[in-house]
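Peer 1: Structure file structure-v6.txt, compact mmCIF, C-alpha atoms and all ligand atoms, is pasted below:
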# COMPACT_ATOMS: atom_id res chain seq x y z
CA MET A 12 -8.21 31.84 -26.22
CA SER A 13 -11.43 29.86 -25.88
CA GLU A 14 -15.03 30.73 -26.83
CA ASP A 15 -15.64 32.61 -23.58
CA GLY A 16 -12.66 34.90 -24.19
CA ILE A 17 -10.61 33.55 -21.27
CA VAL A 18 -6.94 32.69 -21.83
CA ARG A 19 -6.22 29.41 -20.05
CA ASP A 20 -2.56 28.70 -19.54
CA GLY A 21 -1.26 25.16 -19.32
CA PHE A 22 1.58 22.83 -20.23
CA ARG A 23 3.16 23.34 -23.67
CA ALA A 24 5.33 20.83 -25.50
CA GLY A 25 8.98 21.57 -24.69
CA ASP A 26 8.21 22.71 -21.13
CA PHE A 27 10.61 21.44 -18.49
CA ILE A 28 9.31 19.39 -15.54
CA VAL A 29 11.17 18.25 -12.41
CA VAL A 30 9.96 14.93 -10.99
CA THR A 31 11.31 13.68 -7.65
CA GLY A 32 11.26 9.97 -6.90
CA ALA A 33 11.38 9.41 -10.65
CA GLY A 34 12.63 5.85 -10.26
CA GLY A 35 9.63 4.74 -8.22
CA GLY A 36 6.19 3.49 -9.22
CA PHE A 37 4.36 6.79 -9.56
CA GLY A 38 7.47 8.75 -10.54
CA ARG A 39 8.20 6.48 -13.48
CA ALA A 40 4.58 6.67 -14.65
CA PHE A 41 4.69 10.48 -14.41
CA CYS A 42 7.89 10.63 -16.45
CA LYS A 43 6.60 8.25 -19.12
CA ARG A 44 3.37 10.21 -19.43
CA PHE A 45 5.07 13.63 -19.47
CA GLY A 46 7.63 12.35 -21.97
CA LYS A 47 4.84 11.39 -24.36
CA MET A 48 3.39 14.88 -23.93
CA GLY A 49 6.68 16.39 -25.15
CA ALA A 50 8.11 17.54 -21.82
CA LYS A 51 11.79 17.81 -20.98
CA ILE A 52 12.15 15.92 -17.72
CA ALA A 53 14.65 16.16 -14.89
CA ALA A 54 14.26 12.74 -13.28
CA TRP A 55 15.49 13.00 -9.68
CA ASP A 56 16.07 10.00 -7.45
CA ILE A 57 18.40 8.68 -4.78
CA SER A 58 18.58 5.40 -6.69
CA GLU A 59 20.74 5.78 -9.77
CA GLU A 60 19.66 2.37 -11.03
CA SER A 61 15.91 2.96 -10.99
CA GLY A 62 16.14 6.65 -11.95
CA ALA A 63 18.35 5.89 -14.94
CA GLN A 64 15.99 3.07 -15.95
CA THR A 65 13.11 5.58 -15.99
CA VAL A 66 15.14 7.86 -18.26
CA ARG A 67 15.88 4.94 -20.61
CA LEU A 68 12.16 4.12 -20.83
CA VAL A 69 11.23 7.74 -21.55
CA ARG A 70 13.91 8.00 -24.25
CA GLU A 71 12.95 4.66 -25.83
CA ALA A 72 9.44 6.06 -26.24
CA GLY A 73 10.86 9.14 -27.99
CA GLY A 74 10.82 11.49 -24.98
CA GLU A 75 13.49 13.73 -23.45
CA ALA A 76 14.72 13.09 -19.90
CA THR A 77 17.92 13.24 -17.85
CA PHE A 78 18.65 11.52 -14.55
CA PHE A 79 19.91 13.63 -11.66
CA HIS A 80 21.08 11.93 -8.50
CA VAL A 81 19.72 13.54 -5.32
CA ASP A 82 19.34 12.70 -1.67
CA LEU A 83 16.31 14.70 -0.60
CA GLY A 84 17.41 14.34 3.01
CA ASP A 85 20.47 16.46 2.27
CA ALA A 86 20.21 20.19 1.54
CA GLY A 87 23.53 20.32 -0.33
CA SER A 88 22.46 17.45 -2.57
CA ILE A 89 19.18 19.24 -3.39
CA GLU A 90 21.06 22.43 -4.26
CA ALA A 91 23.39 20.47 -6.55
CA ALA A 92 20.44 18.81 -8.32
CA VAL A 93 18.73 22.20 -8.73
CA ALA A 94 21.86 23.71 -10.28
CA ALA A 95 22.51 20.74 -12.59
CA SER A 96 18.86 20.58 -13.74
CA ARG A 97 18.76 24.32 -14.41
CA ALA A 98 22.02 24.10 -16.36
CA ALA A 99 20.52 21.31 -18.51
CA TYR A 100 17.02 22.65 -19.13
CA GLY A 101 16.68 26.23 -17.81
CA ALA A 102 13.71 27.28 -15.70
CA PRO A 103 11.05 24.65 -15.04
CA TYR A 104 7.37 24.94 -15.90
CA ALA A 105 6.37 22.32 -13.35
CA ILE A 106 7.62 20.56 -10.24
CA VAL A 107 6.22 17.26 -9.05
CA ASN A 108 7.12 16.63 -5.40
CA ASN A 109 6.58 12.89 -5.47
CA ALA A 110 9.36 11.12 -3.54
CA SER A 111 8.71 10.02 0.00
CA ILE A 112 9.86 7.58 2.64
CA TYR A 113 7.55 5.60 4.93
CA PRO A 114 9.42 4.10 7.90
CA ARG A 115 7.16 1.74 9.81
CA ALA A 116 7.05 1.52 13.61
CA SER A 117 4.54 2.29 16.33
CA LEU A 118 4.75 5.79 17.75
CA ILE A 119 6.49 4.54 20.90
CA ASP A 120 8.98 2.51 18.90
CA MET A 121 9.63 5.23 16.29
CA PRO A 122 12.95 6.95 17.12
CA VAL A 123 12.58 10.73 17.03
CA ALA A 124 15.53 10.80 14.62
CA THR A 125 13.56 8.62 12.18
CA PHE A 126 10.53 10.88 12.55
CA GLU A 127 12.73 13.90 11.80
CA LYS A 128 14.34 12.19 8.79
CA THR A 129 10.86 11.42 7.40
CA LEU A 130 9.83 15.04 7.71
CA LYS A 131 13.11 16.11 6.11
CA VAL A 132 12.65 13.98 2.99
CA ASN A 133 8.86 14.27 2.68
CA ILE A 134 8.19 17.91 3.54
CA THR A 135 11.38 19.93 4.08
CA ALA A 136 12.75 18.82 0.69
CA PRO A 137 9.64 20.03 -1.21
CA MET A 138 9.95 23.35 0.67
CA HIS A 139 13.62 23.54 -0.32
CA ILE A 140 12.81 22.77 -3.97
CA LEU A 141 10.05 25.39 -4.08
CA HIS A 142 12.40 27.89 -2.49
CA ALA A 143 14.94 27.18 -5.23
CA PHE A 144 12.65 27.10 -8.27
CA GLY A 145 9.81 29.35 -7.06
CA PRO A 146 11.50 32.56 -8.22
CA ASP A 147 11.81 31.06 -11.75
CA LEU A 148 8.10 30.25 -11.87
CA ILE A 149 7.18 33.67 -10.51
CA ALA A 150 9.50 35.45 -12.96
CA GLN A 151 7.99 33.66 -15.96
CA GLN A 152 4.46 34.18 -14.57
CA ARG A 153 3.47 30.59 -15.29
CA GLY A 154 3.99 27.31 -13.57
CA VAL A 155 2.42 24.29 -11.92
CA ILE A 156 3.30 22.43 -8.75
CA ILE A 157 1.92 19.00 -8.01
CA ASN A 158 2.51 17.59 -4.53
CA ILE A 159 1.85 13.94 -3.85
CA ALA A 160 0.04 13.53 -0.53
CA SER A 161 -1.73 10.43 0.80
CA GLY A 162 -4.99 9.39 2.41
CA ARG A 163 -2.84 8.95 5.55
CA ALA A 164 -2.79 12.77 5.79
CA LEU A 165 -6.48 12.73 6.63
CA GLU A 166 -6.86 9.38 8.35
CA GLY A 167 -3.55 8.98 10.22
CA ALA A 168 -1.39 5.87 9.89
CA VAL A 169 -0.94 3.10 12.44
CA ASN A 170 2.83 2.47 12.47
CA GLY A 171 3.52 5.51 10.30
CA VAL A 172 3.40 8.64 12.43
CA GLY A 173 6.14 10.52 10.54
CA TYR A 174 4.67 9.64 7.16
CA ALA A 175 1.15 10.69 8.16
CA CYS A 176 2.35 13.97 9.66
CA SER A 177 4.46 14.75 6.58
CA LYS A 178 1.52 14.09 4.26
CA ALA A 179 -0.77 16.35 6.29
CA ALA A 180 1.95 19.00 6.07
CA ILE A 181 2.24 18.70 2.29
CA LEU A 182 -1.50 19.36 1.96
CA SER A 183 -1.02 22.49 4.03
CA LEU A 184 2.05 23.51 1.99
CA THR A 185 -0.06 23.08 -1.14
CA LYS A 186 -2.65 25.56 0.09
CA THR A 187 -0.11 28.16 1.19
CA VAL A 188 1.82 28.03 -2.09
CA ALA A 189 -1.45 28.25 -4.01
CA LEU A 190 -2.53 31.33 -2.07
CA GLU A 191 0.84 33.12 -2.24
CA TRP A 192 1.59 32.42 -5.92
CA ALA A 193 -1.88 32.53 -7.52
CA ARG A 194 -1.35 36.13 -8.57
CA HIS A 195 1.74 35.01 -10.48
CA ASN A 196 -0.24 32.42 -12.47
CA VAL A 197 1.50 29.62 -10.60
CA ARG A 198 -0.92 26.87 -9.55
CA CYS A 199 -0.31 24.29 -6.83
CA ASN A 200 -2.45 21.21 -6.21
CA ALA A 201 -1.99 17.93 -4.37
CA ILE A 202 -2.90 14.43 -5.45
CA ILE A 203 -4.16 12.17 -2.67
CA PRO A 204 -3.67 8.66 -4.04
CA GLY A 205 -5.18 5.55 -2.55
CA MET A 206 -3.40 2.21 -2.22
CA SER A 207 -1.61 1.57 -5.50
CA MET A 208 0.63 -1.11 -6.98
CA THR A 209 4.09 0.31 -6.25
CA ALA A 210 7.06 -0.62 -4.07
CA GLN A 211 5.83 1.43 -1.12
CA PRO A 212 2.79 -0.67 -0.07
CA LEU A 213 4.57 -3.79 -1.30
CA GLU A 214 6.97 -3.42 1.63
CA ASN A 215 4.14 -4.81 3.74
CA ALA A 216 2.30 -7.18 1.40
CA THR A 217 2.62 -9.34 -1.70
CA PRO A 218 1.12 -8.16 -5.02
CA GLU A 219 -1.55 -10.87 -4.67
CA GLU A 220 -2.50 -9.59 -1.21
CA LEU A 221 -2.77 -6.01 -2.50
CA ILE A 222 -4.96 -7.10 -5.40
CA ALA A 223 -7.21 -9.11 -3.06
CA ARG A 224 -7.42 -6.19 -0.62
CA GLY A 225 -8.44 -3.92 -3.46
CA GLN A 226 -11.12 -6.32 -4.67
CA ALA A 227 -12.54 -6.66 -1.15
CA LYS A 228 -12.31 -3.11 0.15
CA ILE A 229 -12.25 -0.56 -2.67
CA PRO A 230 -15.64 0.48 -4.08
CA LEU A 231 -14.42 0.33 -7.70
CA GLY A 232 -13.15 -3.18 -7.00
CA ARG A 233 -9.42 -2.82 -7.56
CA ILE A 234 -6.34 -1.11 -6.21
CA GLY A 235 -4.86 1.82 -8.11
CA TYR A 236 -2.03 1.67 -10.62
CA PRO A 237 0.58 4.35 -11.33
CA GLU A 238 -1.01 5.07 -14.72
CA ASP A 239 -4.22 6.13 -12.95
CA VAL A 240 -2.39 8.81 -10.99
CA ALA A 241 -0.30 9.87 -14.01
CA GLY A 242 -3.51 10.71 -15.86
CA LEU A 243 -4.60 13.00 -13.04
CA ALA A 244 -1.18 14.68 -13.02
CA ALA A 245 -1.42 15.29 -16.77
CA PHE A 246 -4.79 16.96 -16.22
CA LEU A 247 -3.41 19.15 -13.41
CA LEU A 248 -0.63 20.33 -15.73
CA SER A 249 -3.00 21.14 -18.54
CA SER A 250 -4.96 24.24 -19.46
CA ASP A 251 -8.13 22.31 -18.49
CA ALA A 252 -6.99 22.80 -14.89
CA ALA A 253 -6.21 26.50 -15.34
CA TYR A 254 -8.86 27.53 -12.79
CA MET A 255 -7.78 24.97 -10.20
CA THR A 256 -5.34 25.69 -7.39
CA GLY A 257 -4.96 24.89 -3.70
CA GLN A 258 -6.84 21.59 -3.98
CA GLY A 259 -6.14 18.10 -2.71
CA VAL A 260 -7.66 15.72 -5.22
CA ALA A 261 -8.18 12.14 -4.08
CA MET A 262 -7.88 9.30 -6.56
CA ASN A 263 -8.61 6.10 -4.71
CA GLY A 264 -11.31 4.02 -6.35
CA GLY A 265 -14.07 5.57 -4.27
CA ASN A 266 -12.71 5.29 -0.72
CA VAL A 267 -14.35 8.33 0.76
CA LEU A 268 -11.95 10.26 2.97
CA VAL A 269 -13.44 12.00 5.98
CA PRO A 270 -11.14 14.32 7.91
CA GLN A 271 -12.08 14.21 11.60
N1 LIG B 1 1.72 3.60 -3.70
C1 LIG B 1 0.74 3.95 -2.88
O1 LIG B 1 -0.12 3.14 -2.50
C2 LIG B 1 0.68 5.38 -2.42
C3 LIG B 1 -0.47 5.82 -1.76
C4 LIG B 1 -0.54 7.13 -1.33
C5 LIG B 1 0.51 8.00 -1.57
N2 LIG B 1 1.62 7.55 -2.21
C6 LIG B 1 2.70 8.52 -2.44
O2 LIG B 1 3.09 8.49 -3.80
C7 LIG B 1 4.43 8.95 -3.92
C8 LIG B 1 5.23 7.98 -4.76
O3 LIG B 1 5.31 6.76 -4.08
P1 LIG B 1 5.44 5.35 -4.79
O4 LIG B 1 4.30 4.55 -4.33
O5 LIG B 1 5.71 5.54 -6.23
O6 LIG B 1 6.73 4.80 -4.01
P2 LIG B 1 8.08 4.17 -4.51
O7 LIG B 1 8.69 3.63 -3.27
O8 LIG B 1 7.83 3.27 -5.67
O9 LIG B 1 8.92 5.43 -5.03
C9 LIG B 1 9.53 6.35 -4.19
C10 LIG B 1 10.80 6.86 -4.89
O10 LIG B 1 11.39 7.89 -4.08
C11 LIG B 1 12.79 7.68 -4.06
N3 LIG B 1 13.38 8.22 -2.84
C12 LIG B 1 13.25 7.75 -1.57
N4 LIG B 1 14.01 8.46 -0.73
C13 LIG B 1 14.62 9.43 -1.47
C14 LIG B 1 15.54 10.46 -1.16
N5 LIG B 1 16.00 10.66 0.08
N6 LIG B 1 15.96 11.24 -2.16
C15 LIG B 1 15.52 11.07 -3.44
N7 LIG B 1 14.67 10.10 -3.79
C16 LIG B 1 14.22 9.28 -2.81
C17 LIG B 1 12.96 6.17 -4.11
O11 LIG B 1 14.26 5.77 -4.54
C18 LIG B 1 11.85 5.76 -5.07
O12 LIG B 1 12.30 5.72 -6.42
C19 LIG B 1 4.96 9.07 -2.49
O13 LIG B 1 4.89 10.42 -2.07
C20 LIG B 1 3.97 8.23 -1.69
O14 LIG B 1 3.92 8.63 -0.35
C21 LIG B 1 1.74 6.27 -2.64
Let me see the structure of the file written as structure tokens.
Peer 2:
Amino acid sequence: MSEDGIVRDGFRAGDFIVVTGAGGGFGRAFCKRFGKMGAKIAAWDISEESGAQTVRLVREAGGEATFFHVDLGDAGSIEAAVAASRAAYGAPYAIVNNASIYPRASLIDMPVATFEKTLKVNITAPMHILHAFGPDLIAQQRGVIINIASGRALEGAVNGVGYACSKAAILSLTKTVALEWARHNVRCNAIIPGMSMTAQPLENATPEELIARGQAKIPLGRIGYPEDVAGLAAFLLSSDAAYMTGQGVAMNGGNVLVPQ
């Protein structure tokens, strides 16, 4: 309890956290950061190679993590990963819905099946995961959900209609979960990252081009790095964020986002 007499709940060492897309840029940074904080981590990814590498890095730094293979586009695969993670670590304290896909094509050239697949991985999978683990969080009357959105949710994306729509949806999911589960002491916030040095934007540019773009266009003079976003996630897990739910927090070097 703090000086004002309010009990502020937050992450405790030994709490179990599920991270999707754990083999990717942000996912790996989340796992490394949470590992240092003393979390037990279920590192989910479709790529065994990169997910297992994340687990190795967490363990080398003295943390606790296990890789679970999952295809977030497949309901049966999600259910299997839920069951295996629960068998390993019990009920989670936190879920980080981080994985996404970003197929690029103009709206006219985007097959509807690709649009649907994007929604399946980026927004239906988080819904499925919350459906599976939500009752655990509610039963224990404590928990945190962090959804990774994108500036594309607010600005749209040329050549990324499915991605932009899915990211707008995850902001909306964030608010609904926050409203429904607040009375159970389960908080849900979204991070809205700006352009960062990970594989996703590198599909379209070289690292040098991204760095130059950041220097030219971002008010703070550089692009983001996964460690920037991991710091914000650590805050959202903590008792310092105990009074914060239903928010989309942008971290983008000062690119002001204006929904229109
Ligand atoms: N990097 C940026 O500039 C940026 C900006 C805004 C938002 N984001 C968001 O941040 C999050 C993390 O992205 P990142 O930049 O680290 O990308 P990344 O490509 O490095 O990582 C994505 C991870 O998700 C995994 N994945 C993809 N499809 C999957 C599936 N079907 N099942 C399970 N795992 C799957 C990939 O294997 C990969 O490890 C995403 O939600 C992305 O939209 C990134």
Peer 1: Mind checking which residues fall within 12 Å of region 94-96 of chain A, counting all atoms listed in the file, ignoring those fewer than 4 positions away in the same chain, and posting them as a list in words?
Peer 2: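 Within the cut-off, the hits are Phe27, Ile28, Val29, Val30, Thr31, Lys51, Ile52, Ala53, Ala54, Trp55, Ala76, Thr77, Phe78, Phe79, His80, Val81, Gly87, Ser88, Ile89, Glu90, Tyr100, Gly101, Ala102, Pro103, Ile106, Ile140, Ala143 and Phe144 of chain A.
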Peer 1: Considering all atoms listed in the file, can you say which of A:Ala175, A:Gln211, A:Leu165, A:Asn158 comes closest to Thr256 (chain A)?
Peer 2: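 Of A:Ala175, A:Gln211, A:Leu165, A:Asn158, the one nearest Thr256 (chain A) is A:Asn158, counting all atoms listed in the file.
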Peer 1: Distance CA of Thr209 (chain A)-CA of Ile157 (chain A), one decimal place?
Peer 2: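 That distance, rounded to one decimal, is 18.9 Å.
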Peer 1: Out of A:Lys186, A:His195, A:Arg67, A:Lys128, which residue has the shortest atom-to-atom distance to Gly154 (chain A) when counting all atoms listed in the file?
Peer 2: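 Among the listed residues, A:His195 lies closest to Gly154 (chain A).
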Peer 1: Let me have the centre and edge lengths of the axis-aligned box enclosing all listed atoms of ligand LIG 1 (chain B) with 6 Å padding on every side, in Å to one decimal, as JSON.
Peer 2:
{"center_x": 7.7, "center_y": 7.2, "center_z": -3.2, "size_x": 28.5, "size_y": 20.1, "size_z": 18.5}
Peer 1: From the options A:Ala253, A:Ile234, A:Val93, A:Arg39, which residue's atoms come nearest to His142 (chain A), counting all atoms listed in the file?
Peer 2: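 Result for the nearest residue to His142 (chain A): A:Val93.
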Peer 1: Just want the residues within 7 Å of ligand LIG 1 (chain B), written as a count of residues only, counting all atoms listed in the file.
Peer 2: 37
Peer 1: Show which residues sit within 10 Å of Leu243 (chain A), as a ChimeraX atom specification. Count only C-alpha atoms, and ignore same-chain residues fewer than 5 positions away.
Peer 2: /A:41,202,238,248-249,260-262
Peer 1: Report, in Å with one decimal, the straight-line distance from CA of Tyr104 (chain A) to CA of Ala193 (chain A).
Peer 2: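 If I compute the distance from CA of Tyr104 (chain A) to CA of Ala193 (chain A), I get 14.6 Å.
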